[in-house]
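Novice: What follows is my_file39.txt, compact mmCIF, C-alpha atoms.
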```txt
# COMPACT_ATOMS: atom_id res chain seq x y z
CA MET A 1 57.40 180.34 -21.84
CA LEU A 2 54.14 180.27 -19.93
CA ARG A 3 54.53 180.71 -16.22
CA ALA A 4 51.84 178.62 -14.59
CA SER A 5 50.49 179.65 -11.22
CA HIS A 6 48.07 177.52 -9.21
CA ARG A 7 46.48 180.46 -7.47
CA VAL A 8 42.84 180.35 -6.68
CA PRO A 9 42.85 183.82 -7.43
CA ILE A 10 43.98 184.26 -3.89
CA GLN A 11 41.62 185.59 -1.28
CA LEU A 12 43.24 184.65 2.01
CA CYS A 13 40.67 183.33 4.47
CA ARG A 14 40.47 185.29 7.70
CA ARG A 15 37.80 183.28 9.44
CA LEU A 16 37.79 180.61 12.10
CA LEU A 17 37.65 177.07 10.80
CA PHE A 18 35.06 176.15 13.41
CA SER A 19 32.94 179.31 13.41
CA THR A 20 29.84 177.72 11.90
CA THR A 21 26.80 176.59 13.85
CA PRO A 22 26.67 172.77 14.21
CA THR A 23 23.94 170.99 12.30
CA PRO A 24 21.22 169.11 14.19
CA THR A 25 22.71 165.78 13.02
CA LEU A 26 25.21 164.12 15.32
CA PRO A 27 28.71 164.95 14.03
CA LEU A 28 31.62 162.54 13.97
CA ASP A 29 34.33 163.01 16.56
CA PRO A 30 37.86 163.37 15.21
CA ILE A 31 40.21 160.49 16.02
CA LEU A 32 43.35 162.50 15.29
CA ASN A 33 45.68 162.56 18.31
CA VAL A 34 45.90 166.33 18.68
CA PRO A 35 48.44 166.51 21.55
CA GLN A 36 50.76 164.11 19.73
CA LEU A 37 50.60 166.06 16.46
CA GLN A 38 51.25 169.30 18.33
CA LYS A 39 54.28 167.74 20.03
CA ASP A 40 55.59 166.29 16.76
CA LEU A 41 55.34 169.62 14.95
CA THR A 42 57.12 171.35 17.83
CA ASP A 43 59.90 168.74 17.83
CA LEU A 44 60.27 168.86 14.04
CA ALA A 45 60.32 172.66 13.68
CA PRO A 46 64.14 172.99 13.95
CA SER A 47 64.75 170.39 11.23
CA MET A 48 62.03 171.95 9.07
CA ALA A 49 63.71 175.34 9.44
CA LYS A 50 67.17 174.04 8.64
CA SER A 51 65.96 172.24 5.52
CA LEU A 52 63.84 175.17 4.32
CA THR A 53 66.68 177.68 4.71
CA THR A 54 69.35 175.46 3.13
CA VAL A 55 67.56 173.56 0.35
CA GLY A 56 64.15 175.28 0.10
CA TYR A 57 61.96 172.35 1.11
CA TRP A 58 61.29 169.80 3.87
CA THR A 59 59.57 166.42 3.92
CA ASN A 60 59.01 163.85 6.65
CA LEU A 61 59.48 160.70 4.56
CA PRO A 62 61.22 158.35 4.51
CA THR A 63 61.38 158.14 8.28
CA HIS A 64 63.82 156.10 10.32
CA ILE A 65 62.51 152.64 11.11
CA ASN A 66 61.96 153.51 14.78
CA THR A 67 60.38 156.92 14.09
CA PRO A 68 56.58 156.93 14.12
CA PRO A 69 54.92 158.70 11.16
CA LEU A 70 53.70 162.26 11.59
CA ILE A 71 50.19 161.18 10.60
CA PRO A 72 49.52 157.44 11.26
CA SER A 73 48.20 155.41 8.34
CA THR A 74 44.86 154.84 10.09
CA ILE A 75 44.35 158.61 10.30
CA VAL A 76 45.45 159.12 6.69
CA ARG A 77 42.89 156.54 5.59
CA THR A 78 40.19 158.17 7.70
CA ILE A 79 40.91 161.64 6.29
CA ARG A 80 40.85 160.26 2.74
CA GLU A 81 37.45 158.68 3.42
CA GLN A 82 36.24 162.04 4.71
CA CYS A 83 37.52 163.70 1.54
CA ILE A 84 35.63 161.19 -0.57
CA ALA A 85 32.51 161.95 1.48
CA LEU A 86 32.95 165.66 0.70
CA ARG A 87 33.27 164.78 -2.97
CA ASN A 88 30.08 162.71 -2.80
CA GLU A 89 28.34 165.75 -1.29
CA GLY A 90 29.24 167.75 -4.40
CA ARG A 91 31.84 169.95 -2.69
CA PHE A 92 34.44 169.51 -5.45
CA GLU A 93 34.51 171.60 -8.62
CA GLN A 94 36.64 171.59 -11.75
CA SER A 95 40.06 172.94 -10.78
CA VAL A 96 41.33 175.97 -12.66
CA SER A 97 44.71 177.63 -12.91
CA GLU A 98 46.32 180.61 -14.57
CA SER A 99 49.19 181.09 -16.97
CA ILE A 100 51.08 184.34 -17.40
CA ASP A 101 52.98 184.99 -20.61
CA ASP A 102 56.07 187.17 -21.02
CA THR A 103 53.92 190.26 -21.62
CA GLY A 104 52.01 189.79 -18.36
CA VAL A 105 48.78 188.58 -19.96
CA VAL A 106 46.93 186.20 -17.62
CA THR A 107 44.95 183.31 -19.05
CA THR A 108 42.67 181.08 -16.96
CA PHE A 109 42.35 177.44 -17.93
CA GLU A 110 40.79 174.26 -16.58
CA LYS A 111 43.09 171.54 -15.32
CA GLU A 112 41.88 168.38 -17.00
CA GLY A 113 41.16 165.57 -14.59
CA VAL A 114 41.71 167.69 -11.47
CA TRP A 115 38.90 168.54 -9.06
CA ALA A 116 39.19 170.67 -5.95
CA CYS A 117 37.40 172.31 -3.04
CA GLU A 118 38.33 174.83 -0.37
CA PRO A 119 37.52 173.20 3.00
CA ASP A 120 36.04 175.40 5.69
CA GLY A 121 34.20 175.14 8.99
CA ALA A 122 30.95 174.11 7.33
CA ASP A 123 32.65 170.82 6.37
CA TYR A 124 33.44 169.82 9.95
CA ASP A 125 30.56 167.39 10.42
CA THR A 126 31.64 165.46 7.32
CA ALA A 127 35.41 165.80 7.69
CA PRO A 128 36.33 166.44 11.35
CA ASP A 129 39.85 165.02 11.13
CA LEU A 130 40.63 166.99 7.98
CA LEU A 131 39.50 170.24 9.61
CA THR A 132 41.25 169.46 12.89
CA TYR A 133 44.54 168.80 11.07
CA MET A 134 44.16 172.08 9.15
CA SER A 135 43.45 174.00 12.34
CA ILE A 136 46.58 172.66 14.05
CA VAL A 137 48.84 173.34 11.07
CA ILE A 138 47.50 176.86 10.52
CA GLY A 139 47.66 177.71 14.21
CA MET A 140 51.02 176.16 15.11
CA LEU A 141 53.35 176.14 12.11
CA PRO A 142 53.66 179.92 11.59
CA PRO A 143 54.99 180.78 15.08
CA LEU A 144 57.07 177.61 15.28
CA LEU A 145 58.74 178.24 11.93
CA ASN A 146 59.12 181.97 12.51
CA ASN A 147 61.16 181.24 15.63
CA ALA A 148 63.12 178.33 14.17
CA VAL A 149 63.86 179.90 10.77
CA ASN A 150 64.90 183.22 12.29
CA LEU A 151 67.29 181.40 14.62
CA GLN A 152 68.64 179.46 11.64
CA ASN A 153 69.06 182.67 9.62
CA ALA A 154 71.04 184.19 12.46
CA VAL A 155 73.35 181.16 12.46
CA VAL A 156 73.97 181.17 8.69
CA ALA A 157 73.95 184.98 8.37
CA ASN A 158 71.10 184.88 5.84
CA VAL A 159 70.70 188.48 4.67
CA ASP A 160 68.85 190.21 1.85
CA ALA A 161 70.26 192.22 -1.04
CA ASP A 162 70.49 195.31 1.20
CA GLY A 163 72.51 193.47 3.81
CA GLU A 164 69.65 193.21 6.31
CA ARG A 165 69.00 189.94 8.08
CA ARG A 166 65.76 188.34 6.93
CA THR A 167 63.02 187.87 9.52
CA LEU A 168 60.32 185.40 8.59
CA SER A 169 56.84 186.67 9.54
CA LEU A 170 54.41 183.88 8.70
CA SER A 171 50.84 184.61 9.78
CA ASN A 172 48.47 182.25 11.58
CA GLU A 173 45.59 184.68 11.13
CA ALA A 174 45.13 184.14 7.39
CA PHE A 175 45.45 181.16 5.09
CA ASN A 176 44.32 179.62 1.84
CA ALA A 177 43.63 175.92 1.39
CA LYS A 178 42.79 173.55 -1.42
CA LEU A 179 41.82 169.89 -1.30
CA ALA A 180 42.47 168.39 -4.72
CA VAL A 181 41.92 165.01 -6.34
CA THR A 182 43.81 164.14 -9.52
CA SER A 183 42.52 161.40 -11.82
CA PRO A 184 44.61 158.92 -13.84
CA GLY A 185 46.61 160.51 -16.65
CA SER A 186 46.36 164.04 -15.29
CA THR A 187 49.28 166.25 -14.33
CA TYR A 188 50.26 169.78 -13.23
CA PRO A 189 52.66 171.82 -15.39
CA LEU A 190 55.86 173.36 -14.07
CA HIS A 191 55.00 176.39 -11.96
CA VAL A 192 55.70 178.47 -8.89
CA ASP A 193 52.66 178.83 -6.63
CA ASN A 194 53.16 182.55 -6.08
CA THR A 195 54.40 184.12 -9.30
CA LEU A 196 52.79 187.53 -8.87
CA GLY A 197 54.35 188.54 -5.56
CA ILE A 198 53.95 192.11 -4.35
CA THR A 199 53.38 194.73 -7.04
CA GLY A 200 51.15 197.19 -5.21
CA SER A 201 48.08 196.04 -7.14
CA THR A 202 44.88 194.30 -6.10
CA ASN A 203 46.48 191.05 -7.29
CA ASP A 204 49.23 191.10 -4.66
CA ASP A 205 49.95 187.56 -3.47
CA THR A 206 51.50 187.19 -0.01
CA ARG A 207 51.73 183.40 0.09
CA LYS A 208 55.12 182.34 1.42
CA LEU A 209 54.90 178.72 2.58
CA THR A 210 53.24 175.79 0.84
CA CYS A 211 52.26 172.88 3.12
CA ILE A 212 51.07 169.67 1.44
CA LEU A 213 49.70 166.52 3.08
CA TYR A 214 49.21 163.50 0.82
CA LEU A 215 46.22 161.26 1.51
CA ASN A 216 46.98 158.11 -0.46
CA PRO A 217 47.44 155.24 2.05
CA ASP A 218 47.52 152.51 -0.62
CA TYR A 219 50.05 154.26 -2.84
CA GLU A 220 52.27 152.05 -5.02
CA PRO A 221 55.17 153.19 -7.24
CA ASP A 222 53.18 152.61 -10.44
CA HIS A 223 50.52 155.06 -9.24
CA GLY A 224 52.75 157.95 -10.33
CA GLY A 225 51.74 161.50 -9.49
CA GLU A 226 55.13 162.37 -8.00
CA LEU A 227 55.82 165.94 -6.92
CA ARG A 228 58.91 167.11 -8.82
CA LEU A 229 60.83 169.94 -7.17
CA VAL A 230 63.24 171.76 -9.48
CA LEU A 231 66.29 172.58 -7.38
CA GLY A 232 68.80 173.59 -10.05
CA ASP A 233 68.98 173.23 -13.82
CA GLU A 234 66.59 171.00 -15.75
CA HIS A 235 68.62 167.94 -14.77
CA SER A 236 68.62 168.76 -11.04
CA HIS A 237 65.32 167.83 -9.50
CA LEU A 238 63.83 165.77 -6.70
CA ASP A 239 60.80 163.51 -7.17
CA LEU A 240 58.68 162.91 -4.06
CA THR A 241 56.04 160.19 -4.07
CA PRO A 242 52.56 161.27 -2.86
CA GLU A 243 52.30 158.35 -0.45
CA GLY A 244 49.88 158.66 2.42
CA GLY A 245 51.19 160.64 5.36
CA ARG A 246 53.91 162.47 3.47
CA MET A 247 54.06 166.13 4.39
CA VAL A 248 55.99 168.55 2.18
CA LEU A 249 56.88 172.16 2.92
CA PHE A 250 58.50 174.55 0.44
CA TRP A 251 58.64 178.26 -0.33
CA SER A 252 55.53 179.20 -2.32
CA ASP A 253 57.20 182.17 -4.01
CA GLU A 254 60.49 180.58 -5.05
CA ILE A 255 60.50 176.80 -5.59
CA PRO A 256 59.46 175.61 -9.08
CA HIS A 257 57.61 172.31 -9.11
CA GLU A 258 55.31 170.15 -11.16
CA VAL A 259 53.24 166.98 -10.75
CA LEU A 260 54.11 164.01 -12.94
CA PRO A 261 51.28 162.01 -14.59
CA CYS A 262 49.00 160.31 -12.11
CA ALA A 263 48.60 156.56 -12.70
CA PRO A 264 50.11 156.90 -16.20
CA HIS A 265 49.42 153.25 -17.08
CA GLN A 266 45.71 153.48 -16.28
CA SER A 267 42.97 154.57 -18.63
CA LYS A 268 41.56 158.06 -18.14
CA ASP A 269 38.17 156.37 -18.31
CA ASP A 270 38.94 154.19 -15.25
CA ILE A 271 35.92 154.65 -12.97
CA THR A 272 37.56 153.17 -9.88
CA THR A 273 38.88 155.54 -7.20
CA ARG A 274 41.93 153.49 -6.25
CA TYR A 275 44.26 155.60 -8.37
CA ASP A 276 42.82 158.99 -7.45
CA ARG A 277 45.54 161.17 -5.95
CA TYR A 278 44.31 163.19 -2.97
CA ALA A 279 46.34 166.09 -1.60
CA LEU A 280 45.57 168.82 0.89
CA THR A 281 47.51 172.06 0.35
CA VAL A 282 47.59 174.89 2.88
CA TRP A 283 49.26 178.17 1.89
CA ILE A 284 50.53 180.42 4.66
CA PRO A 285 51.20 184.12 3.97
CA ASP A 286 53.96 186.36 5.24
CA THR A 287 52.95 189.70 6.75
CA ASP A 288 56.18 191.40 5.62
CA PRO A 289 56.05 192.11 1.85
CA ARG A 290 59.86 192.26 1.75
CA ASN A 291 59.89 188.51 2.31
CA ILE A 292 57.96 187.74 -0.88
CA GLN A 293 60.34 186.92 -3.75
CA PRO A 294 63.23 188.67 -1.93
CA LYS A 295 66.11 189.85 -4.08
CA GLY A 296 69.34 188.08 -3.29
CA SER A 297 67.58 185.06 -1.84
CA ARG A 298 69.39 181.72 -1.93
CA PHE A 299 66.57 180.42 -4.16
CA GLU A 300 65.91 183.43 -6.38
CA SER A 301 67.86 181.88 -9.24
CA LEU A 302 65.64 178.78 -9.22
CA ARG A 303 62.49 180.78 -9.85
CA LEU A 304 64.15 182.95 -12.50
CA ALA A 305 65.85 180.05 -14.29
CA ALA A 306 62.70 177.96 -14.45
CA PHE A 307 60.84 180.52 -16.53
CA LYS A 308 63.54 182.29 -18.55
```
Here is a file; write its structure as structure tokens.
Specialist:
Amino acid sequence: MLRASHRVPIQLCRRLLFSTTPTPTLPLDPILNVPQLQKDLTDLAPSMAKSLTTVGYWTNLPTHINTPPLIPSTIVRTIREQCIALRNEGRFEQSVSESIDDTGVVTTFEKEGVWACEPDGADYDTAPDLLTYMSIVIGMLPPLLNNAVNLQNAVVANVDADGERRTLSLSNEAFNAKLAVTSPGSTYPLHVDNTLGITGSTNDDTRKLTCILYLNPDYEPDHGGELRLVLGDEHSHLDLTPEGGRMVLFWSDEIPHEVLPCAPHQSKDDITTRYDRYALTVWIPDTDPRNIQPKGSRFESLRLAAFK
């Protein structure tokens, strides 16, 4: 079976998101409520950690009726509009992926109907809220989750195959990001984001945590494009709708997942953008190679079973 990996071939970015010189044109100011998002992430970190350590993923939706969304719908809509502006500027390219067969041969292929870009500081004038959100997530989530997950591991006695307690070491000094738009009829095959892991080669992949934000404020059930997480055998899975404001976290190196057909009832020739599925993915690496595809992990069997 082919083992699909959506790696970019990974070159983790070690640069500031806002290190570029502003253009002479007057930039937009972000409307994202930064202090509120920082507070929400801090408050949510314990529940994120508990869910990640026990079931391998976390998501913020559905929320309780009295719980405000992590990213308000007005901000989601604004960020989507900024993404469309980036696309109109020609920032998106045909998305590619890789498959690895049982002999280790890597084949690169285009993902039909999927376009992507890697946002960076040069995009700030066009997409200030997108870049501000990325900066907060990259800067805050690693230390928050390191503390919360390590406390959780101490509670549940989560140890590796050698009997040593695992210590999460997510980095906020490196990251990789992809902003992708998926057209009607397109899909992603079953894969694990980080299939290569640490082998001592130039292809070592240290991605540990996948963070997705969906940017589809007008999502309806018939729009499809659900994220399917495989959490057991082929009959044990969880489908998460890509509705605007949904944030999903899962282990990049262990959780198999796929994307179901986007707008399956629409023609691939549909020129409207209503059904386009926008998603921002940020990958966060771990500085301790022992944490990548650890033997004896609670989720090791999921990765192995998905591609046997």
Novice: Please compute the CA of Pro143 (chain A)-CA of Gln38 (chain A) distance, one decimal, in Å.
Specialist: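 Computing the Euclidean distance for CA of Pro143 (chain A) and CA of Gln38 (chain A) yields 12.5 Å.
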Novice: List as a list of chain:residue names the protein and nucleic acid residues near Thr59 (chain A), meaning an atom at most 9 Å away when only C-alpha atoms are counted, but skip any in the same chain fewer than 4 places from it.
Specialist: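 Contacts, with the query itself left out: A:Met48, A:Ser51, A:Leu240, A:Arg246, A:Met247, A:Val248, A:Leu249, A:Phe250.
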Novice: Using all atoms listed in the file, find the one residue out of A:Ala85, A:Leu280, A:Ala45, A:Ile79 that sits nearest to Asn147 (chain A).
Specialist: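 Of A:Ala85, A:Leu280, A:Ala45, A:Ile79, the one nearest Asn147 (chain A), counting all atoms listed in the file, is A:Ala45.
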Novice: Taking only C-alpha atoms into account, name the residue in A:Cys117, A:Ala174, A:Leu260, A:Ala305 that is nearest to Cys83 (chain A).
Specialist: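 Ranking A:Cys117, A:Ala174, A:Leu260, A:Ala305 by distance to Cys83 (chain A), first place goes to A:Cys117.
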Novice: Could you please determine the separation between CA of Ala127 (chain A) and CA of Asp43 (chain A) in Å, to one decimal place?
Specialist: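 Those two atoms sit 26.7 Å apart.
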Novice: With all atoms listed in the file counted, which protein, DNA or RNA residues have an atom no more than 7 Å from (50.1, 186.4, 2.3) in the file frame? Please answer as a list of chain:residue names.
Specialist: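 Within 7 Å of (50.1, 186.4, 2.3), the protein and nucleic acid residues are A:Asp205, A:Thr206, A:Arg207, A:Lys208, A:Ile284, A:Pro285, A:Asp286, A:Thr287.
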Novice: Compare A:Pro142, A:Gly225, A:Gly121, A:Gly245 by their minimum atom-to-atom distance to Leu170 (chain A), counting all atoms listed in the file, and give me the closest one.
Specialist: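 Nearest to Leu170 (chain A): A:Pro142.
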Novice: So, counting all atoms listed in the file, which residue among A:Gly244, A:Pro217, A:Pro119, A:Pro256 is closest to Asn194 (chain A)?
Specialist: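 Using all atoms listed in the file, the shortest distance to Asn194 (chain A) belongs to A:Pro256.
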Novice: Take CA of Glu254 (chain A) and CA of Leu141 (chain A) and report the distance between them in Å, one decimal.
Specialist: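 These atoms are spaced 19.1 Å apart.
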Novice: Restricting the calculation to all atoms listed in the file, which member of A:Ile255, A:Leu190, A:Ile71, A:Leu238 is positioned closest to Gln36 (chain A)?
Specialist: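 Ranked by minimum distance to Gln36 (chain A), first place goes to A:Ile71.
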Novice: Find the residue from A:Val106, A:Leu70, A:Ala148, A:Val192 that sits nearest to Lys50 (chain A); use all atoms listed in the file when measuring.
Specialist: A:Ala148
Novice: Box for region 272-288 of chain A - axis-aligned, 8 Å on each of the six sides, all listed atoms - centre and size in Å to one decimal, as JSON.
Specialist:
```
{"center_x": 46.9, "center_y": 172.3, "center_z": -1.6, "size_x": 34.6, "size_y": 54.2, "size_z": 32.6}
```
Novice: Need to verify the contact set: Pro289 (chain A), 9 Å, only C-alpha atoms, exclusion of same-chain residues closer than 3 positions in sequence. Can you return it as a list of chain:residue names?
Specialist: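 Selected residues are A:Gly197, A:Ile198, A:Thr206, A:Asp286, A:Ile292, A:Gln293, A:Pro294.
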Novice: So that I can check the surroundings of Ala180 (chain A), please list as number ranges by chain every protein, DNA and RNA residue that reaches within 6 Å of it, counting all atoms listed in the file and ignoring chain neighbours fewer than 6 positions away.
Specialist: A: 115-116, 278-279
Novice: Only C-alpha atoms, please: the residues just picked out, written as a PDB file, in the coordinates of the input.
Specialist:
```
ATOM      1  CA  TRP A 115      38.900 168.540  -9.060  1.00  0.00           C
ATOM      2  CA  ALA A 116      39.190 170.670  -5.950  1.00  0.00           C
ATOM      3  CA  TYR A 278      44.310 163.190  -2.970  1.00  0.00           C
ATOM      4  CA  ALA A 279      46.340 166.090  -1.600  1.00  0.00           C
TER       5      ALA A 279
END
```
Novice: Give me the residues within 12 Å of Glu93 (chain A) as an MDAnalysis selection string, counting all atoms listed in the file and dropping any in the same chain fewer than 3 places off.
Specialist: chainID A and resid 86:90 96 110:118 178:182
Novice: Would you mind completing region 291-302 of chain A to N, CA and C atoms and writing the output as a compact mmCIF listing (two decimals), in the frame of the given file?
Specialist:
```
# COMPACT_ATOMS: atom_id res chain seq x y z
N ASN A 291 59.54 189.92 2.31
CA ASN A 291 59.89 188.51 2.31
C ASN A 291 59.35 187.75 1.11
N ILE A 292 58.53 188.39 0.29
CA ILE A 292 57.96 187.74 -0.88
C ILE A 292 58.88 187.97 -2.07
N GLN A 293 59.38 186.87 -2.64
CA GLN A 293 60.34 186.92 -3.75
C GLN A 293 61.48 187.90 -3.45
N PRO A 294 62.17 187.71 -2.33
CA PRO A 294 63.23 188.67 -1.93
C PRO A 294 64.42 188.62 -2.86
N LYS A 295 64.92 189.77 -3.22
CA LYS A 295 66.11 189.85 -4.08
C LYS A 295 67.32 189.37 -3.29
N GLY A 296 68.16 188.60 -3.95
CA GLY A 296 69.34 188.08 -3.29
C GLY A 296 69.11 186.83 -2.50
N SER A 297 67.88 186.29 -2.55
CA SER A 297 67.58 185.06 -1.84
C SER A 297 68.40 183.90 -2.39
N ARG A 298 68.68 182.93 -1.54
CA ARG A 298 69.39 181.72 -1.93
C ARG A 298 68.69 181.01 -3.08
N PHE A 299 67.35 181.18 -3.17
CA PHE A 299 66.57 180.42 -4.16
C PHE A 299 66.02 181.28 -5.29
N GLU A 300 66.40 182.53 -5.34
CA GLU A 300 65.91 183.43 -6.38
C GLU A 300 66.25 182.90 -7.77
N SER A 301 67.43 182.35 -7.92
CA SER A 301 67.86 181.88 -9.24
C SER A 301 67.01 180.71 -9.72
N LEU A 302 66.48 179.91 -8.81
CA LEU A 302 65.64 178.78 -9.22
C LEU A 302 64.38 179.27 -9.91
```
